[in-house]
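Below is entry.cif, which holds mmCIF, C-alpha atoms and all ligand atoms.
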data_my_file
loop_
_atom_site.label_atom_id
_atom_site.label_comp_id
_atom_site.auth_asym_id
_atom_site.auth_seq_id
_atom_site.Cartn_x
_atom_site.Cartn_y
_atom_site.Cartn_z
CA MET Z 1 0.00 0.00 0.00
CA LEU Z 2 2.58 2.56 1.17
CA GLU Z 3 4.98 1.75 -1.68
CA GLN Z 4 2.36 3.20 -3.96
CA TYR Z 5 3.31 6.64 -2.55
CA LEU Z 6 6.66 6.28 -0.84
CA ASP Z 7 10.17 6.24 -2.38
CA ILE Z 8 12.95 5.40 0.05
CA ASN Z 9 16.39 6.11 -1.35
CA PRO Z 10 18.25 2.75 -1.75
CA GLU Z 11 21.13 3.68 0.59
CA VAL Z 12 18.64 4.78 3.25
CA ALA Z 13 16.45 1.70 2.76
CA ALA Z 14 19.47 -0.59 3.13
CA ALA Z 15 20.54 1.18 6.33
CA ILE Z 16 17.05 0.94 7.84
CA ALA Z 17 16.77 -2.74 6.92
CA ALA Z 18 20.15 -3.45 8.53
CA GLY Z 19 19.27 -1.52 11.70
CA LYS Z 20 22.00 1.04 11.02
CA PRO Z 21 21.70 4.64 12.27
CA VAL Z 22 19.70 7.02 10.04
CA VAL Z 23 18.82 10.68 10.64
CA ALA Z 24 15.83 12.36 8.96
CA LEU Z 25 16.04 16.00 7.83
CA GLU Z 26 13.20 18.36 6.88
CA SER Z 27 12.86 20.47 3.74
CA THR Z 28 10.76 23.51 4.77
CA ILE Z 29 13.93 24.79 6.45
CA ILE Z 30 15.50 24.63 2.94
CA SER Z 31 12.64 26.19 0.95
CA HIS Z 32 11.19 28.62 3.50
CA GLY Z 33 13.72 28.86 6.32
CA MET Z 34 16.82 30.20 4.56
CA PRO Z 35 17.67 32.07 1.32
CA TYR Z 36 19.33 30.46 -1.70
CA PRO Z 37 22.19 29.49 -1.99
CA GLN Z 38 22.91 29.25 1.76
CA ASN Z 39 19.94 26.90 2.12
CA VAL Z 40 21.40 24.34 -0.29
CA GLU Z 41 24.96 24.70 1.04
CA THR Z 42 23.63 24.17 4.57
CA ALA Z 43 21.47 21.17 3.63
CA LEU Z 44 24.39 19.42 1.92
CA LYS Z 45 26.82 20.21 4.75
CA VAL Z 46 24.30 18.89 7.30
CA GLU Z 47 24.16 15.60 5.40
CA GLN Z 48 27.97 15.43 5.43
CA ILE Z 49 28.11 16.11 9.19
CA ILE Z 50 25.68 13.25 9.77
CA ARG Z 51 27.88 10.94 7.69
CA ASP Z 52 31.03 12.11 9.49
CA ASN Z 53 29.37 11.17 12.76
CA GLY Z 54 28.45 7.66 11.74
CA ALA Z 55 24.87 7.87 10.45
CA ILE Z 56 23.11 8.00 7.07
CA PRO Z 57 21.18 11.23 6.27
CA ALA Z 58 17.67 11.13 4.79
CA THR Z 59 16.44 14.54 3.66
CA ILE Z 60 12.67 14.36 3.21
CA ALA Z 61 10.29 16.16 0.81
CA ILE Z 62 7.52 15.48 -1.70
CA LEU Z 63 8.57 15.67 -5.35
CA LYS Z 64 5.95 15.49 -8.11
CA GLY Z 65 3.61 13.89 -5.61
CA ARG Z 66 6.05 11.14 -4.54
CA LEU Z 67 6.99 10.95 -0.85
CA LYS Z 68 10.80 11.07 -0.87
CA VAL Z 69 12.79 9.76 2.06
CA GLY Z 70 16.42 10.45 1.15
CA MET Z 71 16.93 13.03 -1.58
CA THR Z 72 19.78 13.25 -4.09
CA HIS Z 73 22.03 16.33 -4.14
CA GLU Z 74 20.36 17.38 -7.40
CA GLU Z 75 16.93 17.15 -5.78
CA ILE Z 76 18.10 19.26 -2.82
CA GLU Z 77 19.54 21.86 -5.21
CA TYR Z 78 16.28 21.92 -7.17
CA LEU Z 79 14.15 22.38 -4.05
CA GLY Z 80 16.44 25.05 -2.62
CA LYS Z 81 16.40 27.06 -5.84
CA ALA Z 82 12.62 26.86 -6.11
CA GLY Z 83 12.42 28.20 -2.53
CA LEU Z 84 9.09 29.84 -1.70
CA ASP Z 85 7.54 28.48 -4.92
CA VAL Z 86 7.47 25.06 -3.29
CA ILE Z 87 4.35 24.49 -1.21
CA LYS Z 88 4.94 24.34 2.53
CA THR Z 89 3.41 21.00 3.42
CA SER Z 90 2.22 20.03 6.88
CA ARG Z 91 0.06 17.03 7.88
CA ARG Z 92 -3.18 18.39 6.41
CA ASP Z 93 -1.56 19.18 3.04
CA ILE Z 94 0.09 15.82 2.27
CA PRO Z 95 -2.82 14.10 0.45
CA PHE Z 96 -3.45 17.09 -1.82
CA ILE Z 97 0.22 17.54 -2.79
CA VAL Z 98 0.31 13.82 -3.60
CA ALA Z 99 -2.96 13.86 -5.54
CA LYS Z 100 -1.93 16.91 -7.58
CA GLN Z 101 1.53 15.38 -8.19
CA VAL Z 102 3.32 18.61 -7.24
CA ASP Z 103 6.30 19.45 -5.01
CA GLY Z 104 5.97 19.95 -1.29
CA ALA Z 105 8.48 21.00 1.35
CA THR Z 106 7.89 19.09 4.55
CA THR Z 107 7.61 20.81 7.94
CA VAL Z 108 8.61 19.21 11.22
CA ALA Z 109 5.15 17.60 11.43
CA SER Z 110 5.12 16.08 7.95
CA THR Z 111 8.79 15.10 8.10
CA MET Z 112 7.98 13.14 11.28
CA ILE Z 113 5.12 11.41 9.45
CA LEU Z 114 7.30 10.36 6.50
CA ALA Z 115 10.14 9.35 8.82
CA GLN Z 116 7.73 7.09 10.70
CA MET Z 117 6.46 5.57 7.44
CA ALA Z 118 10.06 4.70 6.56
CA GLY Z 119 11.02 3.53 10.06
CA ILE Z 120 13.37 6.37 11.07
CA LYS Z 121 13.39 7.39 14.74
CA VAL Z 122 15.76 10.38 14.84
CA PHE Z 123 15.23 13.72 13.09
CA ALA Z 124 17.44 16.84 13.20
CA THR Z 125 16.26 20.38 12.46
CA GLY Z 126 16.70 24.00 13.58
CA GLY Z 127 13.57 25.01 15.45
CA ILE Z 128 10.15 23.44 15.94
CA GLY Z 129 6.87 25.24 15.42
CA GLY Z 130 4.86 26.00 18.53
CA VAL Z 131 2.22 28.16 20.15
CA HIS Z 132 2.45 31.63 18.65
CA ARG Z 133 2.45 34.82 20.65
CA GLY Z 134 -1.15 35.98 20.86
CA ALA Z 135 -2.50 32.46 20.31
CA GLN Z 136 -5.12 33.21 22.98
CA GLN Z 137 -6.80 35.25 20.23
CA THR Z 138 -5.52 33.75 16.97
CA PHE Z 139 -5.49 30.04 17.89
CA ASP Z 140 -2.22 29.81 15.94
CA ILE Z 141 -0.65 26.62 17.26
CA SER Z 142 1.69 24.72 14.95
CA ALA Z 143 0.63 21.25 13.84
CA ASP Z 144 4.18 20.25 14.84
CA LEU Z 145 3.04 20.03 18.47
CA GLN Z 146 0.14 17.69 17.77
CA GLU Z 147 2.47 15.54 15.65
CA LEU Z 148 4.91 15.32 18.54
CA ALA Z 149 1.99 14.04 20.61
CA ASN Z 150 1.26 11.21 18.17
CA THR Z 151 4.29 10.18 16.13
CA ASP Z 152 7.22 8.18 17.48
CA VAL Z 153 10.17 10.28 16.36
CA ALA Z 154 12.74 12.23 18.40
CA VAL Z 155 13.26 15.78 17.12
CA ILE Z 156 16.63 17.34 17.84
CA CYS Z 157 16.30 21.14 17.71
CA ALA Z 158 17.72 24.32 19.23
CA GLY Z 159 14.57 24.91 21.26
CA ALA Z 160 11.82 27.25 20.17
CA LYS Z 161 12.39 30.58 18.51
CA SER Z 162 10.97 33.46 20.50
CA ILE Z 163 8.66 34.32 17.58
CA LEU Z 164 6.66 31.80 19.64
CA ASP Z 165 5.27 31.96 23.15
CA ILE Z 166 7.79 29.56 24.69
CA GLY Z 167 5.89 29.16 27.96
CA LEU Z 168 2.63 28.23 26.24
CA THR Z 169 4.49 25.90 23.87
CA LEU Z 170 5.86 24.00 26.88
CA GLU Z 171 2.40 23.88 28.49
CA TYR Z 172 0.94 22.40 25.32
CA LEU Z 173 3.67 19.76 25.11
CA GLU Z 174 3.14 18.87 28.77
CA THR Z 175 -0.60 18.40 28.23
CA GLN Z 176 0.12 16.15 25.26
CA GLY Z 177 2.65 14.09 27.19
CA VAL Z 178 5.65 15.06 25.08
CA PRO Z 179 8.90 15.03 27.07
CA VAL Z 180 11.25 17.97 26.53
CA ILE Z 181 14.86 16.96 27.13
CA GLY Z 182 17.61 19.53 27.57
CA HIS Z 183 20.94 18.32 26.18
CA GLN Z 184 23.49 19.64 28.67
CA THR Z 185 21.08 22.40 29.68
CA ASP Z 186 18.54 23.03 32.44
CA THR Z 187 16.54 25.64 30.54
CA LEU Z 188 14.87 25.43 27.14
CA PRO Z 189 17.18 27.16 24.65
CA ALA Z 190 15.52 29.99 22.72
CA PHE Z 191 17.06 29.11 19.34
CA TYR Z 192 19.40 32.13 18.90
CA THR Z 193 20.29 32.11 22.57
CA ARG Z 194 21.40 29.26 24.80
CA GLU Z 195 18.94 29.95 27.58
CA SER Z 196 15.40 31.03 28.35
CA GLU Z 197 13.56 31.54 31.61
CA PHE Z 198 11.78 28.18 31.14
CA GLY Z 199 13.09 24.90 32.51
CA VAL Z 200 13.22 21.68 30.49
CA ASP Z 201 11.57 18.52 31.83
CA TYR Z 202 14.76 16.46 32.00
CA ARG Z 203 18.38 17.37 31.56
CA LEU Z 204 20.45 14.58 29.94
CA ASP Z 205 24.11 15.07 29.16
CA THR Z 206 24.94 12.30 26.69
CA ALA Z 207 23.55 10.86 23.45
CA GLU Z 208 23.54 7.46 25.14
CA GLN Z 209 21.24 8.65 27.95
CA ILE Z 210 18.89 10.21 25.42
CA ALA Z 211 18.76 7.03 23.29
CA THR Z 212 18.06 4.96 26.41
CA ALA Z 213 15.09 7.17 27.33
CA MET Z 214 13.72 6.95 23.75
CA LYS Z 215 13.93 3.16 23.84
CA ALA Z 216 12.21 3.00 27.22
CA LYS Z 217 9.37 5.19 25.96
CA TRP Z 218 8.69 3.27 22.75
CA GLU Z 219 9.37 -0.24 24.05
CA MET Z 220 6.63 0.39 26.60
CA GLY Z 221 4.28 1.48 23.83
CA LEU Z 222 4.07 5.11 24.98
CA LYS Z 223 3.28 6.75 21.69
CA GLY Z 224 4.49 10.13 20.57
CA GLY Z 225 7.68 12.03 20.00
CA VAL Z 226 10.43 13.47 22.12
CA VAL Z 227 11.87 16.98 21.90
CA VAL Z 228 15.63 17.12 22.38
CA ALA Z 229 16.67 20.74 22.86
CA ASN Z 230 20.31 21.42 22.10
CA PRO Z 231 21.66 24.92 22.79
CA ILE Z 232 23.39 26.89 20.01
CA PRO Z 233 27.20 26.85 20.48
CA GLU Z 234 28.34 29.74 22.70
CA GLU Z 235 30.37 31.49 20.00
CA TYR Z 236 27.38 31.85 17.64
CA GLN Z 237 24.85 33.01 20.21
CA LEU Z 238 23.07 36.32 19.49
CA ASP Z 239 22.31 39.11 21.94
CA ARG Z 240 19.01 38.35 23.67
CA ALA Z 241 17.81 41.98 23.98
CA MET Z 242 18.59 42.70 20.32
CA ILE Z 243 16.80 39.63 19.00
CA ASP Z 244 13.81 40.15 21.31
CA GLU Z 245 13.30 43.67 19.99
CA VAL Z 246 13.53 42.50 16.38
CA ILE Z 247 10.94 39.80 17.08
CA ILE Z 248 8.51 42.15 18.85
CA ASN Z 249 8.63 44.49 15.84
CA ALA Z 250 8.24 41.61 13.38
CA VAL Z 251 5.16 40.28 15.21
CA ALA Z 252 3.63 43.80 15.26
CA GLU Z 253 4.25 44.18 11.51
CA MET Z 254 2.73 40.78 10.84
CA ASP Z 255 -0.40 41.74 12.79
CA SER Z 256 -0.75 45.11 11.05
CA LYS Z 257 -0.43 43.42 7.65
CA GLY Z 258 -3.03 40.84 8.62
CA ILE Z 259 -0.69 37.91 7.92
CA SER Z 260 -1.92 34.68 9.49
CA GLY Z 261 -2.13 30.91 9.11
CA LYS Z 262 0.68 29.06 7.40
CA GLU Z 263 2.23 32.34 6.19
CA SER Z 264 2.99 33.50 9.76
CA THR Z 265 6.11 31.48 10.45
CA PRO Z 266 7.81 32.10 7.06
CA PHE Z 267 7.01 35.84 7.34
CA LEU Z 268 8.54 36.08 10.82
CA LEU Z 269 11.61 34.04 9.84
CA ALA Z 270 12.26 36.27 6.81
CA LYS Z 271 11.70 39.50 8.81
CA VAL Z 272 14.10 38.44 11.54
CA ALA Z 273 16.74 37.54 8.94
CA GLU Z 274 16.27 40.89 7.16
CA LYS Z 275 16.44 43.01 10.33
CA THR Z 276 19.54 41.30 11.69
CA GLU Z 277 21.33 41.61 8.34
CA GLY Z 278 22.48 38.05 8.16
CA THR Z 279 23.91 37.58 11.66
CA SER Z 280 20.85 35.49 12.46
CA LEU Z 281 21.39 33.43 9.30
CA LYS Z 282 24.91 32.53 10.43
CA ALA Z 283 23.59 31.56 13.86
CA ASN Z 284 20.79 29.54 12.27
CA ILE Z 285 23.22 27.60 10.07
CA GLU Z 286 25.61 26.84 12.93
CA LEU Z 287 22.90 25.60 15.27
CA VAL Z 288 21.60 23.23 12.60
CA PHE Z 289 25.12 21.79 12.19
CA ASN Z 290 25.31 21.37 15.96
CA ASN Z 291 21.95 19.56 16.00
CA ALA Z 292 22.94 17.28 13.12
CA LYS Z 293 26.01 16.16 15.05
CA LEU Z 294 24.03 15.37 18.20
CA ALA Z 295 21.29 13.63 16.18
CA ALA Z 296 23.86 11.37 14.52
CA GLY Z 297 25.25 10.51 17.95
CA ILE Z 298 21.77 9.67 19.25
CA ALA Z 299 20.99 7.57 16.15
CA VAL Z 300 24.26 5.65 16.63
CA GLU Z 301 23.43 4.94 20.28
CA TYR Z 302 19.83 4.04 19.47
CA ALA Z 303 20.99 1.52 16.86
CA LYS Z 304 23.19 -0.35 19.38
N1 LIG Z 401 11.07 27.51 12.95
C1 LIG Z 401 12.32 27.85 12.55
N2 LIG Z 401 12.70 27.56 11.28
C2 LIG Z 401 11.88 26.90 10.39
C3 LIG Z 401 10.57 26.53 10.85
C4 LIG Z 401 10.22 26.85 12.12
O1 LIG Z 401 13.05 28.43 13.32
O2 LIG Z 401 12.28 26.66 9.25
C5 LIG Z 401 9.66 25.76 9.92
C6 LIG Z 401 9.69 24.26 10.25
O3 LIG Z 401 9.53 23.53 9.05
C7 LIG Z 401 8.45 24.09 11.12
C8 LIG Z 401 7.51 25.06 10.46
O4 LIG Z 401 7.93 22.78 11.13
O5 LIG Z 401 8.31 26.19 10.13
C9 LIG Z 401 6.37 25.45 11.37
O6 LIG Z 401 5.42 26.19 10.66
P1 LIG Z 401 3.99 26.48 11.30
O7 LIG Z 401 4.26 27.40 12.47
O8 LIG Z 401 3.21 27.16 10.22
O9 LIG Z 401 3.42 25.17 11.72
MN MN Z 402 0.56 28.24 12.42
#

Target format structure tokens, applied to this file:
Amino acid sequence: MLEQYLDINPEVAAAIAAGKPVVALESTIISHGMPYPQNVETALKVEQIIRDNGAIPATIAILKGRLKVGMTHEEIEYLGKAGLDVIKTSRRDIPFIVAKQVDGATTVASTMILAQMAGIKVFATGGIGGVHRGAQQTFDISADLQELANTDVAVICAGAKSILDIGLTLEYLETQGVPVIGHQTDTLPAFYTRESEFGVDYRLDTAEQIATAMKAKWEMGLKGGVVVANPIPEEYQLDRAMIDEVIINAVAEMDSKGISGKESTPFLLAKVAEKTEGTSLKANIELVFNNAKLAAGIAVEYAK
């Protein structure tokens, strides 16, 4: 049934079948999260980092309606160049992108879904979606959170960007039973900065400890994902006050322009990048590299 829709790259399929470590990667970060050509350079370097750390990378997207788990370099280049012309595809969108046989860039939610279809347990990205500031009025809560509640994949990220309401995001995850692990940190990192005022649920300091907790969860049949929050390396951290001000202004501009729904996150990401003149892009790239390395380590431990 699934093969009718799903194409697993042969190298990735062989690794999964042999129980070797594999790390899934999303594609909305390529199409909507960074400008060309840095998006493609970053995506290819991330794959190399995963290989250098002992795992096989599987970048995920939908191409001409086919679910792709493990893209070629040419396919990554194509998707990165197309950028915002590719349809941002979350859980609700998947059947329509498939039926129309068009291209779709997968978010955290839909990347988790395709990873689960293929049998991949570890997924590295930059930041997850969450509860937006002002969600009390707008109801804007990313489908990523509901996916974390239901789909058995660990997502290694740099915490939640403060375009979101971090406190409400953590409350939502708690309600849904999603554990938030801090890798070598007691507080949830705020993406561009290593710390926030919010504590994580559990601090674990090694990839081995994290893999052990994942196994315990899933072997007991406790469904759903795990958030592994990994702070940006010290040297690439941005100034908290500066980035907070940029974000407050970006949210106000979004509201005044009436931007909502699936356009919100890409608008805020682009605004923040524009207003920080590229320093945020550098930080974003470096934290993704850092997450890829940890994810490979977790995948290696999980495969033991
Ligand atoms: N946050 C980031 N960078 C990103 C995204 C979020 O810092 O690239 C992307 C991810 O693909 C995430 C999606 O799954 O945005 C969330 O979008 P929404 O809030 O519309 O669910
Ligand atoms: Mn949203």

Atomic separation - CA of Ile232 in chain Z relative to CA of Val200 in chain Z, Å = 15.5 Å

Looking at Z:Glu234, Z:Asp144, Z:Glu253, Z:Asp186, which one is nearest to ligand MN 402 (chain Z), with distances taken over all atoms listed in the file?
->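 Going through Z:Glu234, Z:Asp144, Z:Glu253, Z:Asp186 one by one, the smallest distance to ligand MN 402 (chain Z) is for Z:Asp144.
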
What does the distance between CA of Ala216 in chain Z and CA of Leu67 in chain Z come to in Å, to one decimal place?
-> 29.6 Å

Kindly provide, as a CSV table (one decimal) with C-alpha atoms, in the coordinates of the input, all nucleotide and amino acid residues lying within 6 Å of ligand MN 402 (chain Z), counting all atoms listed in the file.
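Result file follows (part14.csv):
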chain,number,residue,atom,x,y,z
Z,140,ASP,CA,-2.2,29.8,15.9
Z,141,ILE,CA,-0.6,26.6,17.3
Z,142,SER,CA,1.7,24.7,15.0
Z,261,GLY,CA,-2.1,30.9,9.1
Z,262,LYS,CA,0.7,29.1,7.4

Using all atoms listed in the file, which of Z:Ala292, Z:Ile210, Z:Ala109, Z:Val12 sits nearest ligand LIG 401 (chain Z)?
-> Z:Ala109

Ligand LIG 401 (chain Z): which residues are within 7 Å, counting only C-alpha atoms and all ligand atoms, as a PDB file with C-alpha atoms, in the frame of the given file?
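part_5.pdb, freshly written:
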ATOM      1  CA  GLU Z  26      13.200  18.360   6.880  1.00  0.00           C
ATOM      2  CA  SER Z  27      12.860  20.470   3.740  1.00  0.00           C
ATOM      3  CA  THR Z  28      10.760  23.510   4.770  1.00  0.00           C
ATOM      4  CA  ILE Z  29      13.930  24.790   6.450  1.00  0.00           C
ATOM      5  CA  HIS Z  32      11.190  28.620   3.500  1.00  0.00           C
ATOM      6  CA  GLY Z  33      13.720  28.860   6.320  1.00  0.00           C
ATOM      7  CA  THR Z 106       7.890  19.090   4.550  1.00  0.00           C
ATOM      8  CA  THR Z 107       7.610  20.810   7.940  1.00  0.00           C
ATOM      9  CA  VAL Z 108       8.610  19.210  11.220  1.00  0.00           C
ATOM     10  CA  ALA Z 109       5.150  17.600  11.430  1.00  0.00           C
ATOM     11  CA  GLY Z 126      16.700  24.000  13.580  1.00  0.00           C
ATOM     12  CA  GLY Z 127      13.570  25.010  15.450  1.00  0.00           C
ATOM     13  CA  ILE Z 128      10.150  23.440  15.940  1.00  0.00           C
ATOM     14  CA  GLY Z 129       6.870  25.240  15.420  1.00  0.00           C
ATOM     15  CA  GLY Z 130       4.860  26.000  18.530  1.00  0.00           C
ATOM     16  CA  ILE Z 141      -0.650  26.620  17.260  1.00  0.00           C
ATOM     17  CA  SER Z 142       1.690  24.720  14.950  1.00  0.00           C
ATOM     18  CA  ALA Z 143       0.630  21.250  13.840  1.00  0.00           C
ATOM     19  CA  ASP Z 144       4.180  20.250  14.840  1.00  0.00           C
ATOM     20  CA  LYS Z 161      12.390  30.580  18.510  1.00  0.00           C
ATOM     21  CA  GLY Z 261      -2.130  30.910   9.110  1.00  0.00           C
ATOM     22  CA  LYS Z 262       0.680  29.060   7.400  1.00  0.00           C
ATOM     23  CA  GLU Z 263       2.230  32.340   6.190  1.00  0.00           C
ATOM     24  CA  SER Z 264       2.990  33.500   9.760  1.00  0.00           C
ATOM     25  CA  THR Z 265       6.110  31.480  10.450  1.00  0.00           C
ATOM     26  CA  PRO Z 266       7.810  32.100   7.060  1.00  0.00           C
ATOM     27  CA  LEU Z 269      11.610  34.040   9.840  1.00  0.00           C
TER      28      LEU Z 269
END
